[in-house]
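Engineer: Data file input-v7.tsv (TSV, C-alpha atoms) is appended below.
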```tsv
chain	number	residue	atom	x	y	z
A	450	MET	CA	2.39	21.17	-33.52
A	451	VAL	CA	3.57	20.75	-29.97
A	452	VAL	CA	2.82	17.29	-28.62
A	453	ILE	CA	2.35	17.27	-24.86
A	454	ALA	CA	1.36	13.68	-24.40
A	455	ASN	CA	1.71	10.83	-26.83
A	456	SER	CA	-2.03	10.85	-27.31
A	457	PRO	CA	-4.54	11.09	-30.16
A	458	GLN	CA	-5.08	14.84	-30.67
A	459	TRP	CA	-8.86	14.57	-30.22
A	460	PHE	CA	-8.32	13.12	-26.74
A	461	LEU	CA	-6.46	16.21	-25.45
A	462	GLY	CA	-8.97	18.00	-23.26
A	463	VAL	CA	-11.06	14.88	-22.78
A	464	ASP	CA	-8.30	13.63	-20.44
A	465	SER	CA	-8.62	16.83	-18.40
A	466	ALA	CA	-12.38	16.45	-18.18
A	467	LEU	CA	-11.95	12.87	-16.92
A	468	GLU	CA	-9.42	14.04	-14.33
A	469	ILE	CA	-11.95	16.58	-13.05
A	470	LEU	CA	-14.44	13.71	-12.64
A	471	PHE	CA	-11.80	11.69	-10.74
A	472	PHE	CA	-11.25	14.77	-8.56
A	473	PHE	CA	-14.92	14.89	-7.53
A	474	ILE	CA	-15.15	11.14	-6.87
A	475	ALA	CA	-11.99	11.11	-4.73
A	476	LEU	CA	-13.18	14.24	-2.92
A	477	GLY	CA	-16.56	12.61	-2.13
A	478	ILE	CA	-14.79	9.59	-0.58
A	479	ALA	CA	-12.43	11.88	1.35
A	480	LEU	CA	-15.30	13.90	2.80
A	481	PHE	CA	-17.26	10.81	3.84
A	482	SER	CA	-14.20	9.44	5.61
A	483	MET	CA	-13.81	12.78	7.39
A	484	LYS	CA	-17.39	12.50	8.59
A	485	ILE	CA	-16.63	9.11	10.20
A	486	TYR	CA	-13.47	10.54	11.74
A	487	ARG	CA	-15.49	13.34	13.33
A	488	TYR	CA	-17.74	10.77	15.02
A	489	THR	CA	-15.08	8.30	16.09
A	490	SER	CA	-11.82	10.34	16.34
A	491	ARG	CA	-10.02	7.27	14.97
A	492	LYS	CA	-6.88	8.28	13.12
A	493	ARG	CA	-7.38	5.58	10.44
A	494	PHE	CA	-10.30	7.56	9.06
A	495	LEU	CA	-8.34	10.81	9.16
A	496	PHE	CA	-5.47	9.22	7.20
A	497	PHE	CA	-7.88	7.62	4.74
A	498	HIS	CA	-9.47	11.04	4.29
A	499	LEU	CA	-6.03	12.56	3.65
A	500	ALA	CA	-5.13	9.82	1.12
A	501	PHE	CA	-8.22	10.52	-0.98
A	502	LEU	CA	-7.90	14.27	-0.52
A	503	PHE	CA	-4.34	14.11	-1.88
A	504	MET	CA	-5.59	12.01	-4.81
A	505	ALA	CA	-8.33	14.55	-5.50
A	506	VAL	CA	-5.99	17.55	-5.43
A	507	SER	CA	-3.46	15.61	-7.50
A	508	PHE	CA	-6.05	15.14	-10.27
A	509	LEU	CA	-7.14	18.75	-10.03
A	510	VAL	CA	-3.57	19.98	-10.48
A	511	ARG	CA	-3.03	17.63	-13.43
A	512	SER	CA	-6.26	18.64	-15.08
A	513	VAL	CA	-5.74	22.38	-14.66
A	514	THR	CA	-2.13	22.14	-15.88
A	515	ASN	CA	-3.13	20.15	-18.95
A	516	LEU	CA	-6.03	22.46	-19.79
A	517	PHE	CA	-3.75	25.48	-19.47
A	518	ILE	CA	-1.21	23.88	-21.79
A	519	TYR	CA	-3.79	22.85	-24.39
A	520	TYR	CA	-5.12	26.40	-24.34
A	521	GLN	CA	-1.62	27.88	-24.68
A	522	ILE	CA	-0.61	25.75	-27.66
A	523	LYS	CA	-3.79	26.74	-29.47
A	524	LYS	CA	-2.93	30.43	-29.08
A	525	ASP	CA	-1.13	32.09	-31.95
A	526	ILE	CA	2.37	32.51	-30.47
A	527	SER	CA	5.75	31.36	-31.68
A	528	VAL	CA	6.61	27.69	-31.45
A	529	ALA	CA	9.78	28.41	-29.44
A	530	THR	CA	7.87	30.39	-26.83
A	531	LYS	CA	5.23	27.70	-26.69
A	532	LEU	CA	7.78	24.94	-26.17
A	533	ALA	CA	9.60	26.71	-23.32
A	534	ALA	CA	6.47	27.78	-21.46
A	535	VAL	CA	4.64	24.52	-22.00
A	536	SER	CA	7.58	22.41	-20.92
A	537	ASN	CA	8.06	24.27	-17.60
A	538	ILE	CA	4.39	24.27	-16.71
A	539	TYR	CA	3.97	20.63	-17.70
A	540	ASP	CA	6.98	19.61	-15.56
A	541	MET	CA	5.76	21.58	-12.56
A	542	GLY	CA	2.20	20.25	-12.84
A	543	PHE	CA	3.38	16.67	-13.29
A	544	LEU	CA	5.76	16.94	-10.31
A	545	ILE	CA	3.01	18.21	-7.99
A	546	HIS	CA	0.68	15.51	-9.34
A	547	ILE	CA	3.12	12.66	-8.65
A	548	LEU	CA	4.14	13.96	-5.20
A	549	LEU	CA	0.51	14.12	-4.08
A	550	MET	CA	-0.42	10.78	-5.66
A	551	LEU	CA	2.58	8.92	-4.22
A	552	THR	CA	1.82	10.40	-0.79
A	553	ALA	CA	-1.76	9.15	-1.13
A	554	TYR	CA	-0.59	5.66	-2.10
A	555	MET	CA	1.91	5.61	0.79
A	556	ILE	CA	-0.86	6.46	3.26
A	557	LEU	CA	-2.99	3.63	1.82
A	558	ILE	CA	0.01	1.28	2.12
A	559	ALA	CA	0.51	2.27	5.78
A	560	LEU	CA	-3.19	1.63	6.45
A	561	SER	CA	-3.27	-1.65	4.49
A	562	LEU	CA	-0.13	-3.10	6.06
A	563	GLU	CA	-1.07	-1.60	9.43
A	564	LEU	CA	2.29	0.13	9.72
A	565	ARG	CA	2.45	1.96	13.04
A	566	ASP	CA	6.13	2.77	13.47
A	567	ILE	CA	6.56	6.34	12.26
A	568	ARG	CA	10.26	5.66	11.50
A	569	VAL	CA	9.36	2.89	9.04
A	570	ILE	CA	6.66	5.02	7.43
A	571	THR	CA	8.92	8.07	6.99
A	572	LEU	CA	11.76	5.91	5.65
A	573	LEU	CA	9.50	4.33	3.02
A	574	PHE	CA	7.95	7.68	2.20
A	575	LEU	CA	11.33	9.39	1.70
A	576	MET	CA	12.67	6.54	-0.44
A	577	VAL	CA	9.59	6.55	-2.68
A	578	ILE	CA	9.48	10.33	-3.09
A	579	LEU	CA	13.22	10.72	-3.64
A	580	ALA	CA	13.35	7.84	-6.13
A	581	ALA	CA	10.62	9.49	-8.17
A	582	VAL	CA	11.87	13.07	-7.96
A	583	ILE	CA	15.61	12.51	-8.39
A	584	ALA	CA	15.26	10.03	-11.25
A	585	THR	CA	16.27	11.27	-14.69
A	586	ASN	CA	13.15	9.69	-16.14
A	587	THR	CA	10.59	10.80	-13.56
A	588	TYR	CA	7.66	9.68	-15.72
A	589	THR	CA	8.72	6.03	-15.95
A	590	VAL	CA	9.93	5.79	-12.36
A	591	TYR	CA	6.67	7.28	-11.10
A	592	TYR	CA	4.55	4.68	-12.89
A	593	VAL	CA	6.85	1.80	-11.85
A	594	ILE	CA	6.57	2.88	-8.18
A	595	SER	CA	2.80	3.34	-8.57
A	596	VAL	CA	2.44	-0.19	-9.91
A	597	ILE	CA	4.45	-1.61	-6.99
A	598	LEU	CA	2.54	0.36	-4.33
A	599	LEU	CA	-0.84	-0.40	-5.92
A	600	ALA	CA	0.01	-4.12	-6.07
A	601	TYR	CA	0.26	-4.14	-2.26
A	602	ILE	CA	-2.90	-2.06	-1.90
A	603	VAL	CA	-4.80	-4.35	-4.29
A	604	ASN	CA	-3.70	-7.38	-2.28
A	605	HIS	CA	-5.17	-5.80	0.85
A	606	PHE	CA	-8.49	-5.20	-0.91
A	607	ARG	CA	-8.42	-8.72	-2.36
A	608	GLU	CA	-8.08	-10.21	1.14
A	609	ASN	CA	-10.82	-7.91	2.43
A	610	ALA	CA	-13.20	-8.87	-0.41
A	611	LYS	CA	-12.45	-12.55	0.15
A	612	LYS	CA	-13.17	-12.21	3.87
A	613	LEU	CA	-16.40	-10.19	3.52
A	614	GLY	CA	-17.70	-11.31	0.13
A	615	THR	CA	-19.93	-8.22	-0.14
A	616	LYS	CA	-20.72	-6.44	-3.41
A	617	THR	CA	-19.03	-3.23	-2.32
A	618	SER	CA	-15.84	-4.86	-1.04
A	619	LYS	CA	-15.52	-6.76	-4.34
A	620	ALA	CA	-16.13	-3.53	-6.25
A	621	VAL	CA	-13.37	-1.75	-4.30
A	622	PHE	CA	-11.02	-4.63	-5.11
A	623	ALA	CA	-12.00	-4.44	-8.80
A	624	ALA	CA	-11.57	-0.64	-8.81
A	625	PHE	CA	-8.04	-0.75	-7.43
A	626	SER	CA	-7.14	-3.66	-9.75
A	627	LEU	CA	-8.20	-1.48	-12.70
A	628	LEU	CA	-6.20	1.40	-11.27
A	629	LEU	CA	-3.16	-0.86	-11.08
A	630	LEU	CA	-3.76	-1.92	-14.68
A	631	SER	CA	-4.04	1.70	-15.81
A	632	GLN	CA	-0.70	2.59	-14.22
A	633	GLY	CA	0.88	-0.38	-15.98
A	634	VAL	CA	-0.54	0.81	-19.30
A	635	PHE	CA	0.74	4.37	-18.75
A	636	LEU	CA	4.25	2.90	-18.58
A	637	PHE	CA	4.00	2.07	-22.29
A	638	VAL	CA	2.59	5.40	-23.46
A	639	HIS	CA	5.60	6.05	-25.68
A	640	MET	CA	4.96	2.88	-27.67
A	641	HIS	CA	1.60	3.91	-29.12
A	642	PRO	CA	-0.65	7.00	-28.85
A	643	TYR	CA	-3.62	4.84	-27.92
A	644	MET	CA	-1.86	3.58	-24.76
A	645	TYR	CA	-2.49	7.02	-23.21
A	646	LEU	CA	-6.17	6.68	-24.09
A	647	LEU	CA	-6.30	3.08	-22.84
A	648	GLY	CA	-4.66	4.10	-19.54
A	649	HIS	CA	-7.32	6.77	-19.07
A	650	LEU	CA	-10.04	4.28	-19.99
A	651	PHE	CA	-8.95	1.86	-17.26
A	652	GLN	CA	-8.59	4.75	-14.84
A	653	ALA	CA	-12.11	5.94	-15.72
A	654	MET	CA	-13.46	2.43	-15.14
A	655	ALA	CA	-11.66	2.31	-11.77
A	656	TYR	CA	-13.04	5.63	-10.57
A	657	GLY	CA	-16.45	4.75	-12.04
A	658	MET	CA	-16.39	1.63	-9.89
A	659	LEU	CA	-15.44	3.68	-6.82
A	660	PHE	CA	-18.31	6.03	-7.63
A	661	ILE	CA	-20.72	3.08	-7.74
A	662	VAL	CA	-19.41	1.91	-4.33
A	663	PHE	CA	-19.94	5.42	-2.98
A	664	ILE	CA	-23.50	5.57	-4.33
A	665	LEU	CA	-24.35	2.09	-2.98
A	666	VAL	CA	-23.06	3.10	0.45
A	667	ARG	CA	-24.92	6.42	0.44
A	668	ARG	CA	-28.21	4.78	-0.58
A	669	LEU	CA	-28.27	2.37	2.39
B	807	MET	CA	-15.25	-10.71	19.10
B	808	LYS	CA	-13.60	-7.35	19.78
B	809	ARG	CA	-15.82	-4.42	18.86
B	810	ASP	CA	-14.37	-1.43	17.06
B	811	LYS	CA	-15.03	2.12	18.14
B	812	LEU	CA	-17.75	2.72	15.55
B	813	THR	CA	-19.67	-0.34	16.81
B	814	ILE	CA	-19.28	0.64	20.48
B	815	ILE	CA	-20.61	4.15	19.77
B	816	TYR	CA	-23.54	2.57	17.92
B	817	ASP	CA	-24.25	0.14	20.79
B	818	VAL	CA	-24.22	2.97	23.34
B	819	LEU	CA	-26.43	5.25	21.23
B	820	ILE	CA	-28.91	2.54	20.26
B	821	ALA	CA	-29.27	1.56	23.93
B	822	ILE	CA	-30.11	5.17	24.74
B	823	GLN	CA	-32.49	5.51	21.78
B	824	ARG	CA	-34.47	2.40	22.75
B	825	LYS	CA	-35.20	3.85	26.19
B	826	GLU	CA	-35.36	7.51	25.16
B	827	LYS	CA	-33.65	8.32	28.46
B	828	ILE	CA	-31.39	5.88	30.22
B	829	LYS	CA	-29.80	5.69	33.66
B	830	PRO	CA	-26.00	5.25	33.78
B	831	THR	CA	-26.31	1.87	35.56
B	832	HIS	CA	-28.69	0.57	32.90
B	833	LEU	CA	-26.44	1.86	30.14
B	834	LEU	CA	-23.44	0.16	31.76
B	835	TYR	CA	-25.29	-3.15	31.54
B	836	LYS	CA	-26.57	-2.57	27.99
B	837	SER	CA	-23.31	-1.30	26.49
B	838	ASN	CA	-21.26	-4.20	27.84
B	839	LEU	CA	-18.35	-1.94	28.81
B	840	SER	CA	-16.35	-1.55	32.00
B	841	TYR	CA	-17.28	1.43	34.16
B	842	GLN	CA	-14.07	3.27	33.23
B	843	ARG	CA	-14.46	2.71	29.47
B	844	MET	CA	-18.11	3.65	29.54
B	845	LYS	CA	-17.24	6.89	31.34
B	846	GLU	CA	-14.62	7.68	28.66
B	847	TYR	CA	-17.13	6.98	25.89
B	848	LEU	CA	-19.85	9.06	27.53
B	849	ASP	CA	-17.49	12.01	28.00
B	850	ASP	CA	-16.42	11.70	24.36
B	851	LEU	CA	-20.00	11.42	23.10
B	852	MET	CA	-21.07	14.43	25.16
B	853	GLN	CA	-18.12	16.42	23.83
B	854	LYS	CA	-19.17	15.49	20.28
B	855	GLN	CA	-22.74	16.51	21.18
B	856	LEU	CA	-24.19	13.10	20.32
B	857	ILE	CA	-25.72	12.69	23.79
B	858	LEU	CA	-26.66	14.99	26.66
B	859	GLU	CA	-26.93	14.54	30.37
B	860	GLU	CA	-30.22	15.32	32.07
B	861	SER	CA	-31.21	15.37	35.70
B	862	GLU	CA	-34.67	14.44	36.98
B	863	LYS	CA	-35.55	14.26	40.67
B	864	GLY	CA	-31.87	13.98	41.54
B	865	GLN	CA	-31.39	11.06	39.14
B	866	LYS	CA	-28.96	11.29	36.24
B	867	PHE	CA	-30.08	10.27	32.73
B	868	PHE	CA	-28.57	10.26	29.27
B	869	ALA	CA	-30.55	11.15	26.14
B	870	LEU	CA	-29.75	11.44	22.45
B	871	THR	CA	-29.29	14.79	20.74
B	872	ASP	CA	-30.41	15.40	17.13
B	873	LYS	CA	-26.83	14.72	16.10
B	874	GLY	CA	-27.00	11.40	17.96
B	875	HIS	CA	-30.18	10.43	16.09
B	876	LYS	CA	-28.48	11.41	12.82
B	877	PHE	CA	-25.51	9.19	13.65
B	878	LEU	CA	-27.85	6.21	14.05
B	879	GLN	CA	-29.47	6.96	10.69
B	880	GLU	CA	-26.03	7.15	9.06
B	881	TYR	CA	-24.52	4.19	10.88
B	882	ALA	CA	-25.32	1.55	8.23
B	883	LYS	CA	-23.67	3.72	5.56
B	884	MET	CA	-20.57	4.31	7.66
B	885	ARG	CA	-20.33	0.62	8.53
B	886	GLU	CA	-20.60	-0.42	4.87
B	887	PHE	CA	-18.04	2.20	3.87
B	888	THR	CA	-15.44	1.16	6.46
B	889	GLU	CA	-15.92	-2.53	5.68
B	890	SER	CA	-15.74	-2.04	1.91
B	891	PHE	CA	-12.35	-0.37	2.22
B	892	GLY	CA	-11.16	-2.73	4.96
B	893	LEU	CA	-10.73	0.11	7.44
```
Mind converting the file's structure to structure tokens?

Structural biologist:
Amino acid sequence: MVVIANSPQWFLGVDSALEILFFFIALGIALFSMKIYRYTSRKRFLFFHLAFLFMAVSFLVRSVTNLFIYYQIKKDISVATKLAAVSNIYDMGFLIHILLMLTAYMILIALSLELRDIRVITLLFLMVILAAVIATNTYTVYYVISVILLAYIVNHFRENAKKLGTKTSKAVFAAFSLLLLSQGVFLFVHMHPYMYLLGHLFQAMAYGMLFIVFILVRRL
Amino acid sequence: MKRDKLTIIYDVLIAIQRKEKIKPTHLLYKSNLSYQRMKEYLDDLMQKQLILEESEKGQKFFALTDKGHKFLQEYAKMREFTESFGL
């Protein structure tokens, strides 16, 4: 049997379903931010919208790619054909996923650190993207960079939650902390099949928390 | 404390809503903006169709549009959202 991810077999497909849920949650946040941008014309809200839109599309690409692969390996074709096709599609899907996700994180970094100089932003962006794409082990490098970027983002949300002390600001901080934890867990996927599941569990808790924030805000 | 753009828009719109129709001089006093900044905001709000300009007996007034009323209903949500994410 072809193993796409070092995951329990029963979890293949469930991961795609979770990623579709993450897609909808990120899309909801992106659309609400766009609404504020339309009223205020402040670029911060446009960039925040773009960050979450990139996250949403990133999850959609990952989910669709994975579902396609799971479907393909279940079909009755030769193992060699399966391996070649699956490998190319998986690589392409993963590459698009990481490019979109790293772009989203970079936008959040620029907003968190209030970076305004476009030269600094493009330099950081190019270094991050190139490091991830050129690396021989794209998977590991992507998760290492994600952990570093998310650590800075989490610090911003920690300071914000400390300043405001509101339920929603604390929940955003908790959500991004869980997201950081999930990326750290994904780094060790090769050690045990259940690390892949655990990573998704933390990620689901993070996006669940963001969903709660979104609902609390919408119900005001 | 410096007000952000979302708060200034709210202050301008709520001042208009409280009076239904408001004269520019009264709005200038209520919004706590300089004449130049208030003019910029009013032009922007009219362009976004949140307010409209009316004329009555040669006197200029500003009133809220439906979209302006909707903004005020949504303001608390937008404020909570921007604060939660530290925007």

Engineer: Near chain A, which residues of chain B fall within 8 Å when you count only C-alpha atoms, and what do they look like as a list in words?

Structural biologist: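 That gives the following set of residues: Lys811, Leu812, Ile815, Lys854, Ala882, Lys883, Met884, Glu886, Phe887, Glu889, Ser890, Phe891, Gly892 and Leu893 of chain B.
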
Engineer: Identify, on the basis of all atoms listed in the file, every residue whose closest approach to Asp817 (chain B) does not exceed 10 Å; exclude the query and any residue fewer than 5 positions from it along the same chain; express the result as a ChimeraX atom specification.

Structural biologist: /B:809,811-812,822-823,833,836-838,878

Engineer: Enter the distance from CA of Leu627 (chain A) to CA of Tyr881 (chain B), in Å, rounded to one decimal.

Structural biologist: 29.2 Å

Engineer: Using all atoms listed in the file, pick whichever of B:Leu819, B:Lys876, B:Lys808, B:Ser861 has the shortest atom-to-atom distance to Met844 (chain B).

Structural biologist: B:Leu819

Engineer: Would you work out the distance separating CA of Phe574 (chain A) from CA of Leu551 (chain A), expressed in Å to one decimal?

Structural biologist: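 About the pair CA of Phe574 (chain A) and CA of Leu551 (chain A): they are 8.5 Å apart.
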
Engineer: Smallest atom-to-atom distance to Tyr519 (chain A): which of A:Phe473, A:Phe460, A:Tyr554, A:Phe543, using all atoms listed in the file?

Structural biologist: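 Answer, going by the shortest atom-to-atom distance: A:Phe460.
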
Engineer: As a list in words, please: the residues near Leu646 (chain A) (cut-off 10 Å, only C-alpha atoms, same-chain neighbours under 6 positions excluded).

Structural biologist: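 So, after excluding close chain neighbours, the residues are Asn455, Ser456, Pro457, Phe460, Leu461, Val463, Asp464, Ser631, Val634, Phe635, Val638 and Gln652 of chain A.
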
Engineer: Write out the residues from the selection above, keeping C-alpha atoms, as a PDB file, keeping the file's coordinate frame.

Structural biologist:
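As a result, part15.pdb now contains:
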```
ATOM      1  CA  ASN A 455       1.710  10.830 -26.830  1.00  0.00           C
ATOM      2  CA  SER A 456      -2.030  10.850 -27.310  1.00  0.00           C
ATOM      3  CA  PRO A 457      -4.540  11.090 -30.160  1.00  0.00           C
ATOM      4  CA  PHE A 460      -8.320  13.120 -26.740  1.00  0.00           C
ATOM      5  CA  LEU A 461      -6.460  16.210 -25.450  1.00  0.00           C
ATOM      6  CA  VAL A 463     -11.060  14.880 -22.780  1.00  0.00           C
ATOM      7  CA  ASP A 464      -8.300  13.630 -20.440  1.00  0.00           C
ATOM      8  CA  SER A 631      -4.040   1.700 -15.810  1.00  0.00           C
ATOM      9  CA  VAL A 634      -0.540   0.810 -19.300  1.00  0.00           C
ATOM     10  CA  PHE A 635       0.740   4.370 -18.750  1.00  0.00           C
ATOM     11  CA  VAL A 638       2.590   5.400 -23.460  1.00  0.00           C
ATOM     12  CA  GLN A 652      -8.590   4.750 -14.840  1.00  0.00           C
TER      13      GLN A 652
END
```

Engineer: Could you tell me how far CA of Phe877 (chain B) lies from CA of Leu495 (chain A), in Å and to one decimal?

Structural biologist: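 Those two atoms sit 17.8 Å apart.
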
Engineer: Given the choices B:Asp810, B:Thr831, B:Glu826, B:Tyr816, which gets closest to Glu880 (chain B) if the distance is worked out from all atoms listed in the file?

Structural biologist: B:Tyr816

Engineer: Taking all atoms listed in the file into account, name the residue in B:Lys829, B:Arg885, B:Asp872, B:Arg843 that is nearest to Glu859 (chain B).

Structural biologist: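 Using all atoms listed in the file, Glu859 (chain B) sits closest to B:Lys829.
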
Engineer: List the spatial neighbours of region 583-597 of chain A as a PyMOL selection string - criterion: any atom at most 9 Å away, all atoms listed in the file, same-chain residues fewer than 4 positions off excluded.

Structural biologist: chain A and resi 543-544+547+550-551+554+577-579+601-602+628-633+635-637

Engineer: Go through A:Tyr520, A:Phe501, A:Phe508, A:Phe651 one by one, measure the shortest atom-to-atom distance of each to His546 (chain A) using only C-alpha atoms, and give the residue with the smallest value.

Structural biologist: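 Smallest distance to His546 (chain A) is found for A:Phe508.
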
Engineer: Give me region 843-856 of chain B with N, CA and C atoms filled in, as a PDB file, in the frame of the given file.

Structural biologist:
```
ATOM      1  N   ARG B 843     -14.341   2.507  30.939  1.00  0.00           N
ATOM      2  CA  ARG B 843     -14.460   2.710  29.470  1.00  0.00           C
ATOM      3  C   ARG B 843     -15.770   3.397  29.117  1.00  0.00           C
ATOM      4  N   MET B 844     -16.834   3.014  29.848  1.00  0.00           N
ATOM      5  CA  MET B 844     -18.110   3.650  29.540  1.00  0.00           C
ATOM      6  C   MET B 844     -18.032   5.146  29.851  1.00  0.00           C
ATOM      7  N   LYS B 845     -17.371   5.483  30.967  1.00  0.00           N
ATOM      8  CA  LYS B 845     -17.240   6.890  31.340  1.00  0.00           C
ATOM      9  C   LYS B 845     -16.479   7.669  30.245  1.00  0.00           C
ATOM     10  N   GLU B 846     -15.412   7.043  29.734  1.00  0.00           N
ATOM     11  CA  GLU B 846     -14.620   7.680  28.660  1.00  0.00           C
ATOM     12  C   GLU B 846     -15.483   7.905  27.418  1.00  0.00           C
ATOM     13  N   TYR B 847     -16.256   6.860  27.076  1.00  0.00           N
ATOM     14  CA  TYR B 847     -17.130   6.980  25.890  1.00  0.00           C
ATOM     15  C   TYR B 847     -18.197   8.044  26.091  1.00  0.00           C
ATOM     16  N   LEU B 848     -18.790   8.070  27.284  1.00  0.00           N
ATOM     17  CA  LEU B 848     -19.850   9.060  27.530  1.00  0.00           C
ATOM     18  C   LEU B 848     -19.299  10.483  27.477  1.00  0.00           C
ATOM     19  N   ASP B 849     -18.118  10.673  28.052  1.00  0.00           N
ATOM     20  CA  ASP B 849     -17.490  12.010  28.000  1.00  0.00           C
ATOM     21  C   ASP B 849     -17.243  12.417  26.551  1.00  0.00           C
ATOM     22  N   ASP B 850     -16.726  11.448  25.772  1.00  0.00           N
ATOM     23  CA  ASP B 850     -16.420  11.700  24.360  1.00  0.00           C
ATOM     24  C   ASP B 850     -17.698  12.009  23.563  1.00  0.00           C
ATOM     25  N   LEU B 851     -18.739  11.220  23.823  1.00  0.00           N
ATOM     26  CA  LEU B 851     -20.000  11.420  23.100  1.00  0.00           C
ATOM     27  C   LEU B 851     -20.673  12.738  23.474  1.00  0.00           C
ATOM     28  N   MET B 852     -20.504  13.138  24.732  1.00  0.00           N
ATOM     29  CA  MET B 852     -21.070  14.430  25.160  1.00  0.00           C
ATOM     30  C   MET B 852     -20.293  15.577  24.508  1.00  0.00           C
ATOM     31  N   GLN B 853     -18.971  15.389  24.461  1.00  0.00           N
ATOM     32  CA  GLN B 853     -18.120  16.420  23.830  1.00  0.00           C
ATOM     33  C   GLN B 853     -18.464  16.572  22.348  1.00  0.00           C
ATOM     34  N   LYS B 854     -18.805  15.451  21.720  1.00  0.00           N
ATOM     35  CA  LYS B 854     -19.170  15.490  20.280  1.00  0.00           C
ATOM     36  C   LYS B 854     -20.640  15.853  20.087  1.00  0.00           C
ATOM     37  N   GLN B 855     -21.325  16.112  21.184  1.00  0.00           N
ATOM     38  CA  GLN B 855     -22.740  16.510  21.180  1.00  0.00           C
ATOM     39  C   GLN B 855     -23.662  15.467  20.561  1.00  0.00           C
ATOM     40  N   LEU B 856     -23.326  14.191  20.806  1.00  0.00           N
ATOM     41  CA  LEU B 856     -24.190  13.100  20.320  1.00  0.00           C
ATOM     42  C   LEU B 856     -25.193  12.728  21.409  1.00  0.00           C
TER      43      LEU B 856
END
```
